[in-house]
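Enquirer: Okay, so here is final_30.pdb, and as you'll see once you scroll down, it has PDB, C-alpha atoms, pLDDT in the B column.
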ATOM      1  CA  THR Q  24     128.439 -74.730 -92.608  1.00 40.00           C
ATOM      2  CA  ALA Q  25     131.842 -75.406 -91.074  1.00 46.00           C
ATOM      3  CA  ALA Q  26     134.871 -73.850 -92.708  1.00 46.00           C
ATOM      4  CA  THR Q  27     136.986 -76.097 -94.937  1.00 50.00           C
ATOM      5  CA  VAL Q  28     140.183 -77.160 -93.207  1.00 50.00           C
ATOM      6  CA  CYS Q  29     143.555 -77.593 -94.894  1.00 49.00           C
ATOM      7  CA  PRO Q  30     144.360 -81.341 -95.048  1.00 46.00           C
ATOM      8  CA  GLN Q  31     148.050 -80.588 -94.421  1.00 43.00           C
ATOM      9  CA  CYS Q  32     148.119 -78.005 -91.626  1.00 46.00           C
ATOM     10  CA  ASN Q  33     144.570 -78.224 -90.214  1.00 50.00           C
ATOM     11  CA  ARG Q  34     144.026 -74.480 -90.700  1.00 48.00           C
ATOM     12  CA  PRO Q  35     140.799 -72.958 -92.084  1.00 49.00           C
ATOM     13  CA  MET Q  36     141.094 -72.209 -95.809  1.00 50.00           C
ATOM     14  CA  THR Q  37     139.531 -69.650 -98.112  1.00 48.00           C
ATOM     15  CA  PRO Q  38     137.383 -71.065-100.967  1.00 44.00           C
ATOM     16  CA  GLN Q  39     140.309 -70.573-103.378  1.00 50.00           C
ATOM     17  CA  LEU Q  40     142.487 -72.845-101.261  1.00 49.00           C
ATOM     18  CA  ALA Q  41     139.841 -75.482-100.846  1.00 46.00           C
ATOM     19  CA  ALA Q  42     139.855 -76.993-104.359  1.00 50.00           C
ATOM     20  CA  GLY Q  43     141.071 -80.534-103.804  1.00 52.00           C
ATOM     21  CA  ALA Q  44     141.272 -82.756-106.856  1.00 52.00           C
ATOM     22  CA  VAL Q  45     142.668 -86.179-105.986  1.00 54.00           C
ATOM     23  CA  ALA Q  46     144.617 -88.124-108.624  1.00 53.00           C
ATOM     24  CA  SER Q  47     144.766 -91.882-108.870  1.00 50.00           C
ATOM     25  CA  ASP Q  48     148.268 -91.933-107.354  1.00 63.00           C
ATOM     26  CA  GLY Q  49     147.066 -90.130-104.242  1.00 78.00           C
ATOM     27  CA  GLU Q  50     148.211 -86.689-105.334  1.00 85.00           C
ATOM     28  CA  GLN Q  51     145.846 -84.005-104.084  1.00 91.00           C
ATOM     29  CA  VAL Q  52     145.794 -80.495-105.538  1.00 91.00           C
ATOM     30  CA  VAL Q  53     145.374 -78.167-102.574  1.00 91.00           C
ATOM     31  CA  TRP Q  54     145.709 -74.803-104.341  1.00 94.00           C
ATOM     32  CA  GLU Q  55     146.031 -73.341-107.803  1.00 93.00           C
ATOM     33  CA  GLY Q  56     145.875 -69.802-109.087  1.00 93.00           C
ATOM     34  CA  VAL Q  57     147.488 -66.971-111.025  1.00 93.00           C
ATOM     35  CA  PRO Q  58     149.275 -63.788-109.891  1.00 94.00           C
ATOM     36  CA  SER Q  59     146.960 -60.930-109.030  1.00 94.00           C
ATOM     37  CA  MET Q  60     146.989 -57.892-111.310  1.00 93.00           C
ATOM     38  CA  LYS Q  61     147.295 -55.847-108.120  1.00 93.00           C
ATOM     39  CA  ALA Q  62     151.007 -56.653-108.342  1.00 93.00           C
ATOM     40  CA  MET Q  63     151.191 -54.295-111.339  1.00 94.00           C
ATOM     41  CA  LEU Q  64     149.310 -51.412-109.742  1.00 94.00           C
ATOM     42  CA  VAL Q  65     152.383 -49.167-109.464  1.00 93.00           C
ATOM     43  CA  GLU Q  66     153.364 -49.793-113.081  1.00 95.00           C
ATOM     44  CA  ILE Q  67     149.788 -49.238-114.268  1.00 96.00           C
ATOM     45  CA  VAL Q  68     149.511 -45.918-112.419  1.00 96.00           C
ATOM     46  CA  ALA Q  69     152.970 -44.817-113.606  1.00 96.00           C
ATOM     47  CA  THR Q  70     152.079 -45.630-117.217  1.00 96.00           C
ATOM     48  CA  ALA Q  71     148.780 -43.752-116.949  1.00 96.00           C
ATOM     49  CA  LEU Q  72     150.546 -40.692-115.567  1.00 96.00           C
ATOM     50  CA  TYR Q  73     153.192 -40.977-118.260  1.00 94.00           C
ATOM     51  CA  ALA Q  74     150.567 -41.268-121.015  1.00 95.00           C
ATOM     52  CA  VAL Q  75     148.815 -38.124-119.756  1.00 96.00           C
ATOM     53  CA  GLY Q  76     151.805 -36.129-118.544  1.00 96.00           C
ATOM     54  CA  LEU Q  77     154.119 -36.443-121.538  1.00 95.00           C
ATOM     55  CA  PRO Q  78     151.608 -35.130-124.141  1.00 95.00           C
ATOM     56  CA  LEU Q  79     150.593 -32.360-121.739  1.00 96.00           C
ATOM     57  CA  LEU Q  80     154.222 -31.405-121.190  1.00 94.00           C
ATOM     58  CA  ALA Q  81     154.853 -31.377-124.935  1.00 92.00           C
ATOM     59  CA  LEU Q  82     151.748 -29.251-125.531  1.00 92.00           C
ATOM     60  CA  LEU Q  83     152.550 -26.672-122.862  1.00 93.00           C
ATOM     61  CA  GLY Q  84     156.263 -26.565-123.563  1.00 90.00           C
ATOM     62  CA  PHE Q  85     156.200 -26.439-127.352  1.00 88.00           C
ATOM     63  CA  ASP Q  86     155.825 -22.664-127.817  1.00 87.00           C
ATOM     64  CA  PRO Q  87     158.160 -21.645-124.939  1.00 87.00           C
ATOM     65  CA  LEU Q  88     160.837 -24.004-126.249  1.00 86.00           C
ATOM     66  CA  LEU Q  89     160.597 -22.623-129.774  1.00 82.00           C
ATOM     67  CA  SER Q  90     160.814 -19.087-128.405  1.00 84.00           C
ATOM     68  CA  LEU Q  91     163.864 -20.036-126.353  1.00 84.00           C
ATOM     69  CA  LEU Q  92     165.581 -21.618-129.367  1.00 80.00           C
ATOM     70  CA  GLY Q  93     164.597 -18.662-131.539  1.00 75.00           C
ATOM     71  CA  GLY Q  94     166.582 -16.414-129.253  1.00 77.00           C
ATOM     72  CA  LEU Q  95     169.793 -18.128-130.363  1.00 77.00           C
ATOM     73  CA  GLY Q  96     169.817 -16.038-133.524  1.00 78.00           C
ATOM     74  CA  ALA Q  97     167.764 -14.526-136.316  1.00 80.00           C
ATOM     75  CA  GLN Q  98     168.485 -17.351-138.742  1.00 80.00           C
ATOM     76  CA  VAL Q  99     167.481 -19.983-136.180  1.00 76.00           C
ATOM     77  CA  GLY Q 100     164.306 -18.050-135.380  1.00 77.00           C
ATOM     78  CA  ASP Q 101     163.360 -17.744-139.076  1.00 81.00           C
ATOM     79  CA  LEU Q 102     164.065 -21.449-139.618  1.00 83.00           C
ATOM     80  CA  LEU Q 103     161.880 -22.472-136.693  1.00 79.00           C
ATOM     81  CA  THR Q 104     159.073 -20.136-137.725  1.00 81.00           C
ATOM     82  CA  SER Q 105     159.024 -21.359-141.334  1.00 84.00           C
ATOM     83  CA  ASN Q 106     159.037 -25.025-140.218  1.00 85.00           C
ATOM     84  CA  ARG Q 107     156.742 -24.662-137.232  1.00 84.00           C
ATOM     85  CA  ALA Q 108     154.056 -27.000-138.595  1.00 88.00           C
ATOM     86  CA  THR Q 109     156.606 -29.664-139.495  1.00 90.00           C
ATOM     87  CA  ILE Q 110     158.265 -29.466-136.083  1.00 88.00           C
ATOM     88  CA  ARG Q 111     154.900 -29.758-134.368  1.00 89.00           C
ATOM     89  CA  ALA Q 112     154.041 -32.835-136.438  1.00 93.00           C
ATOM     90  CA  VAL Q 113     157.397 -34.424-135.570  1.00 93.00           C
ATOM     91  CA  VAL Q 114     156.898 -33.725-131.855  1.00 93.00           C
ATOM     92  CA  ILE Q 115     153.383 -35.195-131.943  1.00 94.00           C
ATOM     93  CA  ALA Q 116     154.651 -38.291-133.753  1.00 96.00           C
ATOM     94  CA  ALA Q 117     157.545 -38.714-131.305  1.00 95.00           C
ATOM     95  CA  VAL Q 118     155.285 -38.333-128.258  1.00 96.00           C
ATOM     96  CA  THR Q 119     152.794 -40.791-129.741  1.00 96.00           C
ATOM     97  CA  ILE Q 120     155.506 -43.372-130.394  1.00 97.00           C
ATOM     98  CA  VAL Q 121     156.994 -43.018-126.911  1.00 96.00           C
ATOM     99  CA  VAL Q 122     153.596 -43.287-125.184  1.00 96.00           C
ATOM    100  CA  ALA Q 123     152.574 -46.234-127.378  1.00 97.00           C
ATOM    101  CA  ALA Q 124     155.842 -48.003-126.538  1.00 97.00           C
ATOM    102  CA  ARG Q 125     155.242 -47.448-122.810  1.00 96.00           C
ATOM    103  CA  VAL Q 126     151.681 -48.787-123.060  1.00 96.00           C
ATOM    104  CA  ALA Q 127     152.868 -51.758-125.133  1.00 97.00           C
ATOM    105  CA  LYS Q 128     155.505 -52.514-122.486  1.00 96.00           C
ATOM    106  CA  LEU Q 129     152.812 -52.463-119.796  1.00 96.00           C
ATOM    107  CA  ALA Q 130     150.591 -54.753-121.870  1.00 95.00           C
ATOM    108  CA  TRP Q 131     153.476 -57.175-122.370  1.00 95.00           C
ATOM    109  CA  HIS Q 132     154.308 -57.251-118.657  1.00 94.00           C
ATOM    110  CA  ALA Q 133     150.634 -57.891-117.891  1.00 94.00           C
ATOM    111  CA  ALA Q 134     150.528 -60.743-120.414  1.00 93.00           C
ATOM    112  CA  VAL Q 135     153.677 -62.273-118.933  1.00 92.00           C
ATOM    113  CA  LEU Q 136     152.331 -61.964-115.398  1.00 92.00           C
ATOM    114  CA  ARG Q 137     148.970 -63.480-116.298  1.00 89.00           C
ATOM    115  CA  GLY Q 138     150.813 -66.202-118.192  1.00 92.00           C
ATOM    116  CA  HIS Q 139     152.021 -67.547-114.859  1.00 93.00           C
ATOM    117  CA  ARG Q 140     149.929 -70.236-113.246  1.00 94.00           C
ATOM    118  CA  TYR Q 141     150.752 -72.010-110.031  1.00 95.00           C
ATOM    119  CA  ARG Q 142     149.494 -75.394-108.898  1.00 95.00           C
ATOM    120  CA  ILE Q 143     150.341 -76.860-105.524  1.00 95.00           C
ATOM    121  CA  SER Q 144     149.623 -80.399-104.442  1.00 93.00           C
ATOM    122  CA  ASN Q 145     150.695 -82.560-101.543  1.00 91.00           C
ATOM    123  CA  GLN Q 146     153.489 -83.911-103.784  1.00 91.00           C
ATOM    124  CA  ARG Q 147     154.791 -81.061-105.899  1.00 92.00           C
ATOM    125  CA  ILE Q 148     154.699 -77.420-106.945  1.00 93.00           C
ATOM    126  CA  VAL Q 149     154.092 -76.801-110.657  1.00 93.00           C
ATOM    127  CA  ILE Q 150     154.851 -73.416-112.225  1.00 93.00           C
ATOM    128  CA  GLU Q 151     153.535 -72.623-115.684  1.00 93.00           C
ATOM    129  CA  ALA Q 152     155.014 -69.504-117.301  1.00 91.00           C
ATOM    130  CA  GLY Q 153     154.952 -67.796-120.684  1.00 87.00           C
ATOM    131  CA  ALA Q 154     152.706 -65.370-122.545  1.00 84.00           C
ATOM    132  CA  PHE Q 155     152.748 -67.301-125.846  1.00 85.00           C
ATOM    133  CA  SER Q 156     155.053 -70.289-125.575  1.00 86.00           C
ATOM    134  CA  LYS Q 157     154.725 -72.156-122.291  1.00 88.00           C
ATOM    135  CA  ARG Q 158     157.303 -73.469-119.871  1.00 89.00           C
ATOM    136  CA  PHE Q 159     156.526 -75.859-117.045  1.00 90.00           C
ATOM    137  CA  ASP Q 160     158.753 -76.258-113.999  1.00 89.00           C
ATOM    138  CA  GLU Q 161     158.064 -78.822-111.307  1.00 89.00           C
ATOM    139  CA  ILE Q 162     159.493 -79.013-107.809  1.00 90.00           C
ATOM    140  CA  ASP Q 163     159.130 -82.113-105.691  1.00 91.00           C
ATOM    141  CA  MET Q 164     157.615 -81.130-102.354  1.00 91.00           C
ATOM    142  CA  ARG Q 165     160.174 -83.350-100.615  1.00 89.00           C
ATOM    143  CA  THR Q 166     162.986 -81.042-101.790  1.00 90.00           C
ATOM    144  CA  VAL Q 167     161.530 -77.909-100.169  1.00 90.00           C
ATOM    145  CA  GLU Q 168     163.923 -76.667 -97.498  1.00 87.00           C
ATOM    146  CA  ASP Q 169     162.610 -73.233 -96.603  1.00 88.00           C
ATOM    147  CA  ILE Q 170     159.700 -70.926 -97.367  1.00 90.00           C
ATOM    148  CA  GLU Q 171     160.122 -67.166 -97.158  1.00 89.00           C
ATOM    149  CA  PHE Q 172     157.337 -64.627 -97.084  1.00 87.00           C
ATOM    150  CA  GLN Q 173     157.745 -61.060 -98.354  1.00 88.00           C
ATOM    151  CA  GLN Q 174     155.153 -58.294 -98.338  1.00 89.00           C
ATOM    152  CA  ARG Q 175     156.039 -54.683 -99.081  1.00 89.00           C
ATOM    153  CA  PHE Q 176     153.980 -51.862 -97.603  1.00 90.00           C
ATOM    154  CA  LEU Q 177     151.838 -51.359-100.716  1.00 90.00           C
ATOM    155  CA  GLU Q 178     151.414 -55.114-101.150  1.00 90.00           C
ATOM    156  CA  ARG Q 179     150.213 -55.315 -97.569  1.00 91.00           C
ATOM    157  CA  LEU Q 180     147.604 -52.640 -98.272  1.00 91.00           C
ATOM    158  CA  LEU Q 181     146.494 -54.562-101.367  1.00 91.00           C
ATOM    159  CA  GLY Q 182     146.408 -57.924 -99.598  1.00 91.00           C
ATOM    160  CA  ILE Q 183     149.024 -59.572-101.829  1.00 94.00           C
ATOM    161  CA  GLY Q 184     152.607 -60.719-101.376  1.00 93.00           C
ATOM    162  CA  GLN Q 185     155.454 -62.893-102.616  1.00 93.00           C
ATOM    163  CA  ILE Q 186     156.452 -66.335-101.461  1.00 94.00           C
ATOM    164  CA  ALA Q 187     160.050 -67.443-102.013  1.00 92.00           C
ATOM    165  CA  ILE Q 188     160.746 -71.162-101.858  1.00 91.00           C
ATOM    166  CA  VAL Q 189     164.204 -72.596-101.319  1.00 89.00           C
ATOM    167  CA  ALA Q 190     164.583 -76.151-102.582  1.00 89.00           C
ATOM    168  CA  ALA Q 191     167.342 -78.745-102.724  1.00 86.00           C
ATOM    169  CA  ASP Q 192     167.061 -78.735-106.507  1.00 76.00           C
ATOM    170  CA  LYS Q 193     170.042 -77.569-108.582  1.00 75.00           C
ATOM    171  CA  ARG Q 194     167.796 -76.398-111.418  1.00 78.00           C
ATOM    172  CA  MET Q 195     165.180 -74.675-109.255  1.00 76.00           C
ATOM    173  CA  ALA Q 196     167.073 -73.913-106.067  1.00 79.00           C
ATOM    174  CA  ARG Q 197     165.112 -70.738-105.413  1.00 84.00           C
ATOM    175  CA  PHE Q 198     161.956 -69.425-107.040  1.00 87.00           C
ATOM    176  CA  ARG Q 199     159.145 -67.003-106.260  1.00 89.00           C
ATOM    177  CA  LEU Q 200     155.385 -67.090-106.418  1.00 93.00           C
ATOM    178  CA  LEU Q 201     154.406 -63.527-107.326  1.00 91.00           C
ATOM    179  CA  GLY Q 202     151.303 -61.461-106.661  1.00 92.00           C
ATOM    180  CA  ILE Q 203     149.715 -64.016-104.356  1.00 93.00           C
ATOM    181  CA  GLU Q 204     146.403 -63.228-102.676  1.00 92.00           C
ATOM    182  CA  ASN Q 205     146.371 -64.184 -98.984  1.00 90.00           C
ATOM    183  CA  PRO Q 206     150.109 -65.000 -99.057  1.00 92.00           C
ATOM    184  CA  ARG Q 207     150.398 -65.910 -95.374  1.00 91.00           C
ATOM    185  CA  GLU Q 208     147.671 -68.490 -95.733  1.00 92.00           C
ATOM    186  CA  LEU Q 209     149.284 -70.009 -98.810  1.00 93.00           C
ATOM    187  CA  ARG Q 210     152.676 -70.078 -97.100  1.00 92.00           C
ATOM    188  CA  GLU Q 211     151.220 -72.107 -94.264  1.00 92.00           C
ATOM    189  CA  LEU Q 212     149.567 -74.434 -96.754  1.00 92.00           C
ATOM    190  CA  ILE Q 213     152.865 -75.055 -98.572  1.00 92.00           C
ATOM    191  CA  ARG Q 214     154.668 -75.469 -95.272  1.00 90.00           C
ATOM    192  CA  GLY Q 215     152.135 -78.063 -94.145  1.00 90.00           C
ATOM    193  CA  ALA Q 216     152.414 -80.008 -97.397  1.00 90.00           C
ATOM    194  CA  ALA Q 217     156.228 -79.927 -97.310  1.00 89.00           C
ATOM    195  CA  PHE Q 218     156.199 -80.849 -93.624  1.00 87.00           C
ATOM    196  CA  GLN Q 219     154.240 -83.999 -94.404  1.00 87.00           C
ATOM    197  CA  ALA Q 220     156.193 -84.804 -97.595  1.00 85.00           C
ATOM    198  CA  THR Q 221     159.537 -84.537 -95.812  1.00 76.00           C
ATOM    199  CA  GLN Q 222     158.280 -86.711 -92.956  1.00 73.00           C
ATOM    200  CA  ARG Q 223     158.164 -83.765 -90.567  1.00 61.00           C
ATOM    201  CA  GLN Q 224     161.734 -82.656 -91.128  1.00 59.00           C
ATOM    202  CA  LEU Q 225     161.051 -79.289 -92.815  1.00 52.00           C
ATOM    203  CA  PHE Q 226     162.667 -76.213 -91.315  1.00 51.00           C
ATOM    204  CA  THR Q 227     161.172 -72.799 -92.056  1.00 53.00           C
ATOM    205  CA  ARG Q 228     161.821 -69.384 -90.614  1.00 50.00           C
ATOM    206  CA  SER Q 229     159.061 -67.895 -88.533  1.00 49.00           C
ATOM    207  CA  THR Q 230     157.106 -64.917 -89.954  1.00 51.00           C
TER
END
The structure in this file should be written as structure tokens.
Expert:
Amino acid sequence: TAATVCPQCNRPMTPQLAAGAVASDGEQVVWEGVPSMKAMLVEIVATALYAVGLPLLALLGFDPLLSLLGGLGAQVGDLLTSNRATIRAVVIAAVTIVVAARVAKLAWHAAVLRGHRYRISNQRIVIEAGAFSKRFDEIDMRTVEDIEFQQRFLERLLGIGQIAIVAADKRMARFRLLGIENPRELRELIRGAAFQATQRQLFTRST
């Protein structure tokens, strides 16, 4: 079968971009999705290393540190020796709390990221955000002035990127779509929709 073509820019679209619900007022949804979890890969790996490395460091460094502190004096050495079990329990509790806080922070960031949902039509861009409570922001496609594409080295390897949109809207003058799969394709789709909505007056930088 022939590939689906974007109704705005006449470019072939992936299946994700080809969902086109048409409302009674002529509004057509041309794309909707959520940020990819690939955008958190660095934070996920860092947290995993932290969760493994910190307990290991505490385990390997506990005895050498006590020996080092014990060298400060006989009284200090006797105090550390008599309270060794208590000190170990405190260190274990502290490490557990720190690691749990780091994991909880990662979980919260993941919930916030997945709480974002983007919907793009030929008339507007709708951004839904919030892990528990929800906030909806809407940008008229006719106010879009520029579309910027950013893709760091790791994002390029992962096939994701960020799209920054500059709009003539005092409340939402500049905003980003994060963790987007196939970002170049989506940028062209938004550009095509804005190009039509602004009666072919849209200016965008080349990428």
Enquirer: Which one is closest to Asn145 (chain Q): Q:Arg179, Q:Arg207, Q:Arg214, Q:Arg107? Count only C-alpha atoms.
Expert: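 Answer, going by the shortest atom-to-atom distance: Q:Arg214.
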Enquirer: Can you give me, as a ChimeraX atom specification, the residues this file yields under the PyMOL selection byres ((chain Q and resi 153-166) around 10)?
Expert: /Q:131-152,167-169,188-192,194-196,198,213-214,216-222,224-225
Enquirer: With distances taken over all atoms listed in the file, which of Q:Pro206, Q:Gly184, Q:Pro78, Q:Gly100 is nearest to Val122 (chain Q)?
Expert: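 Under the stated criterion, the closest residue is Q:Pro78.
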Enquirer: Kindly give the distance, in Å, that separates CA of Gln51 (chain Q) and CA of Leu200 (chain Q), rounded to a single decimal.
Expert: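 Separation of CA of Gln51 (chain Q) and CA of Leu200 (chain Q): 19.6 Å.
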Enquirer: By how many Å are CA of Val99 (chain Q) and CA of Val121 (chain Q) apart?
Expert: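 CA of Val121 (chain Q) lies 27.0 Å from CA of Val99 (chain Q).
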Enquirer: Quick one, how far is CA of Gln174 (chain Q) from CA of Arg197 (chain Q)?
Expert: 17.4 Å
Enquirer: Could you spell out the hits of the PyMOL selection byres ((chain Q and resi 177) around 12) on the shown file, as a ChimeraX atom specification?
Expert: /Q:61-65,173-176,178-184,202
Enquirer: Of the candidates Q:Ile110, Q:Val118, Q:Glu204, Q:Met60, which one gets nearest to Gly76 (chain Q) if we count only C-alpha atoms?
Expert: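 With only C-alpha atoms as the atom set, the closest residue is Q:Val118.
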Enquirer: Residues within 7 Å of Arg199 (chain Q), please, as an MDAnalysis selection string. Count only C-alpha atoms; anything in the same chain fewer than 5 positions from it doesn't count.
Expert: chainID Q and resid 185:188
Enquirer: Determine the nearest neighbour of Phe85 (chain Q) from the options Q:Leu212, Q:Ala112, Q:Ala127, Q:Val68, counting only C-alpha atoms.
Expert: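 Distance minimum relative to Phe85 (chain Q) lands on Q:Ala112.
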Enquirer: From the options Q:Leu209, Q:Leu79, Q:Leu201, Q:Ile115, which residue's atoms come nearest to Pro58 (chain Q), counting all atoms listed in the file?
Expert: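 The answer is Q:Leu201, which sits nearest to Pro58 (chain Q).
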Enquirer: Kindly indicate which residue among Q:Val126, Q:Val114, Q:Ile170, Q:Ile120 lies nearest to Leu80 (chain Q), using all atoms listed in the file for the distances.
Expert: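 For Leu80 (chain Q), the nearest of the candidates is Q:Val114.
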Enquirer: Once the PyMOL selection byres ((chain Q and resi 103) around 12) has been evaluated on this model, what residues remain selected, and can you format them as an NGL selection string?
Expert: :Q and (85-86 or 88-102 or 104-111)
